[in-house]
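*Asks:* First the structure, which I've put down as structure tokens, then a few questions once you've had a look.
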Amino acid sequence: MVDPILYVSQCPVCDQGLVRIRTFSQLSHLYSICQCDECDASWTSPTLAQRISRIDVDRMASECTSSHWSSLEEVCLFGWAGFIHPNQRINGIENK
Ligand SMILES: [Zn+2]
């Protein structure tokens, strides 16, 4: 079974996509950011208080060995589980 791709909210930038949590891995280090799956707008945390420029995201991606939409386990690891959209916390699956 494939885990649903978690999201935090609708994207406030493009109003089309969903803000999802993306994890970058570099050796044993993990970094997570929030990113819209449509317009790629990015933020440092699920509060969406601080944007990350596309240049910085590209640099992270180039410095890391891989990146993927975060699993629930990773979201919990970063302490962001409380930011997951209520639809997904209740139903488990709400893919779009
Ligand atoms: Zn967007």
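Simple scheme: letters A, B, ... for chains in structure tokens order, numbers from 1 for residues in each chain, numbers from 1 for ligands in the order shown.
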Among chain A, which ones does DSSP place in alpha helix (DSSP H), written as a compact mmCIF listing (two decimals) with C-alpha atoms, in the first residue's frame?

*Replies:*
# COMPACT_ATOMS: atom_id res chain seq x y z
CA ARG A 54 13.33 28.94 -6.15
CA ILE A 55 17.09 29.47 -6.35
CA ASP A 56 17.51 28.18 -2.80
CA VAL A 57 15.27 25.18 -3.46
CA ASP A 58 17.25 24.35 -6.58
CA ARG A 59 20.46 24.62 -4.62
CA MET A 60 19.13 22.30 -1.91
CA ALA A 61 18.07 19.84 -4.58
CA SER A 62 21.48 19.91 -6.22
CA GLU A 63 23.30 19.45 -2.93
CA LEU A 72 3.98 10.40 7.64
CA GLU A 73 6.93 9.05 9.59
CA GLU A 74 9.15 11.85 8.33
CA VAL A 75 6.49 14.46 8.98
CA CYS A 76 6.27 13.22 12.58
CA LEU A 77 10.05 13.29 12.83
CA PRO A 86 -7.62 17.70 8.82
CA ASN A 87 -9.06 15.71 5.89
CA GLN A 88 -6.01 13.53 5.86
CA ARG A 89 -5.79 13.18 9.60
CA ILE A 90 -9.35 11.90 9.75
CA ASN A 91 -9.75 9.88 6.58

*Asks:* Which protein, DNA or RNA residues have an atom within 10 Å of ligand 1, counting only C-alpha atoms and all ligand atoms, as a compact mmCIF listing (two decimals) with N, CA and C atoms, in the first residue's frame?

*Replies:*
# COMPACT_ATOMS: atom_id res chain seq x y z
N GLN A 10 -4.29 24.34 0.86
CA GLN A 10 -4.29 24.77 -0.52
C GLN A 10 -3.22 25.85 -0.66
N CYS A 11 -2.61 25.92 -1.83
CA CYS A 11 -1.52 26.88 -2.02
C CYS A 11 -2.05 28.31 -2.04
N PRO A 12 -1.53 29.17 -1.15
CA PRO A 12 -1.98 30.56 -1.11
C PRO A 12 -1.41 31.39 -2.26
N VAL A 13 -0.45 30.83 -2.98
CA VAL A 13 0.18 31.59 -4.07
C VAL A 13 -0.60 31.41 -5.37
N CYS A 14 -0.82 30.15 -5.78
CA CYS A 14 -1.48 29.91 -7.07
C CYS A 14 -2.95 29.52 -6.91
N ASP A 15 -3.34 29.15 -5.68
CA ASP A 15 -4.74 28.77 -5.43
C ASP A 15 -5.16 27.51 -6.18
N GLN A 16 -4.23 26.80 -6.78
CA GLN A 16 -4.54 25.61 -7.57
C GLN A 16 -3.98 24.35 -6.91
N GLY A 17 -2.73 24.47 -6.51
CA GLY A 17 -2.03 23.29 -5.99
C GLY A 17 -2.24 23.10 -4.51
N LEU A 18 -1.63 22.05 -4.01
CA LEU A 18 -1.65 21.77 -2.58
C LEU A 18 -0.22 21.89 -2.06
N VAL A 19 -0.12 22.48 -0.89
CA VAL A 19 1.19 22.60 -0.25
C VAL A 19 1.51 21.28 0.42
N GLN A 35 6.19 22.62 -0.04
CA GLN A 35 6.23 23.04 -1.43
C GLN A 35 4.90 22.77 -2.13
N CYS A 36 4.47 23.72 -2.94
CA CYS A 36 3.24 23.56 -3.72
C CYS A 36 3.50 22.57 -4.86
N ASP A 37 2.55 21.65 -5.05
CA ASP A 37 2.76 20.65 -6.10
C ASP A 37 2.40 21.17 -7.49
N GLU A 38 1.92 22.40 -7.56
CA GLU A 38 1.60 23.00 -8.86
C GLU A 38 2.61 24.07 -9.27
N CYS A 39 2.79 25.06 -8.41
CA CYS A 39 3.63 26.20 -8.81
C CYS A 39 5.02 26.16 -8.17
N ASP A 40 5.27 25.17 -7.31
CA ASP A 40 6.58 25.01 -6.68
C ASP A 40 6.94 26.13 -5.70
N ALA A 41 5.99 26.95 -5.32
CA ALA A 41 6.27 27.91 -4.25
C ALA A 41 6.68 27.11 -3.02
N SER A 42 7.66 27.62 -2.29
CA SER A 42 8.19 26.85 -1.16
C SER A 42 8.31 27.69 0.09

*Asks:* Give me, as a tab-separated table, the closest atom pair and its distance (Å, one decimal) for every residue of region 46-85 of chain A within a cut-off of 7 Å of region 20-24 of chain A, counting only C-alpha atoms, rows sorted by chain and rising number.

*Replies:*
residue	atom	partner	partner_atom	distance
A:Cys64	CA	A:Phe24	CA	6.2
A:Ser66	CA	A:Phe24	CA	5.8
A:Ser67	CA	A:Phe24	CA	4.2
A:His68	CA	A:Thr23	CA	5.5
A:Trp69	CA	A:Arg22	CA	4.3
A:Ser70	CA	A:Arg22	CA	5.1

*Asks:* Could you turn the residues from that selection into a file that holds C-alpha atoms, as a PDB file, in the first residue's frame?

*Replies:*
ATOM      1  CA  CYS A  64      21.154  16.558  -1.782  1.00  0.00           C
ATOM      2  CA  SER A  66      17.453  12.691  -3.327  1.00  0.00           C
ATOM      3  CA  SER A  67      14.156  14.296  -2.534  1.00  0.00           C
ATOM      4  CA  HIS A  68      10.633  13.000  -2.221  1.00  0.00           C
ATOM      5  CA  TRP A  69       7.243  13.889  -0.803  1.00  0.00           C
ATOM      6  CA  SER A  70       7.503  13.151   2.878  1.00  0.00           C
TER       7      SER A  70
END

*Asks:* Give me, please, the distance in Å between CA of Ile84 (chain A) and CA of Trp43 (chain A), quoted to one decimal.

*Replies:* 14.7 Å

*Asks:* Quick one: residues within 7 Å of Pro46 (chain A), only C-alpha atoms, excluding same-chain residues fewer than 2 positions away - as a VMD selection string?

*Replies:* chain A and resid 8 34 48 83

*Asks:* I need the residues from that last selection saved to file as a PDB file, in the first residue's frame (with N, CA and C atoms), if you can.

*Replies:*
ATOM      1  N   VAL A   8      -0.633  20.128   3.473  1.00  0.00           N
ATOM      2  CA  VAL A   8      -0.879  21.020   4.603  1.00  0.00           C
ATOM      3  C   VAL A   8      -2.112  21.881   4.348  1.00  0.00           C
ATOM      4  N   CYS A  34       8.193  22.893   2.798  1.00  0.00           N
ATOM      5  CA  CYS A  34       6.834  22.785   2.274  1.00  0.00           C
ATOM      6  C   CYS A  34       6.844  23.343   0.861  1.00  0.00           C
ATOM      7  N   LEU A  48       3.887  28.427   6.820  1.00  0.00           N
ATOM      8  CA  LEU A  48       3.951  29.208   5.581  1.00  0.00           C
ATOM      9  C   LEU A  48       4.295  30.669   5.859  1.00  0.00           C
ATOM     10  N   PHE A  83       0.271  19.843  11.458  1.00  0.00           N
ATOM     11  CA  PHE A  83      -0.040  20.759  10.365  1.00  0.00           C
ATOM     12  C   PHE A  83      -0.699  20.054   9.181  1.00  0.00           C
TER      13      PHE A  83
END

*Asks:* Can you tell me how far CA of His29 (chain A) sits from CA of Thr47 (chain A), in Å to one decimal?

*Replies:*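 Distance between the two atoms: 22.3 Å.
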
*Asks:* Work out how far CA of Gln50 (chain A) is from CA of Leu27 (chain A), in Å to one decimal.

*Replies:*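 Pair CA of Leu27 (chain A) / CA of Gln50 (chain A) returns 26.1 Å.
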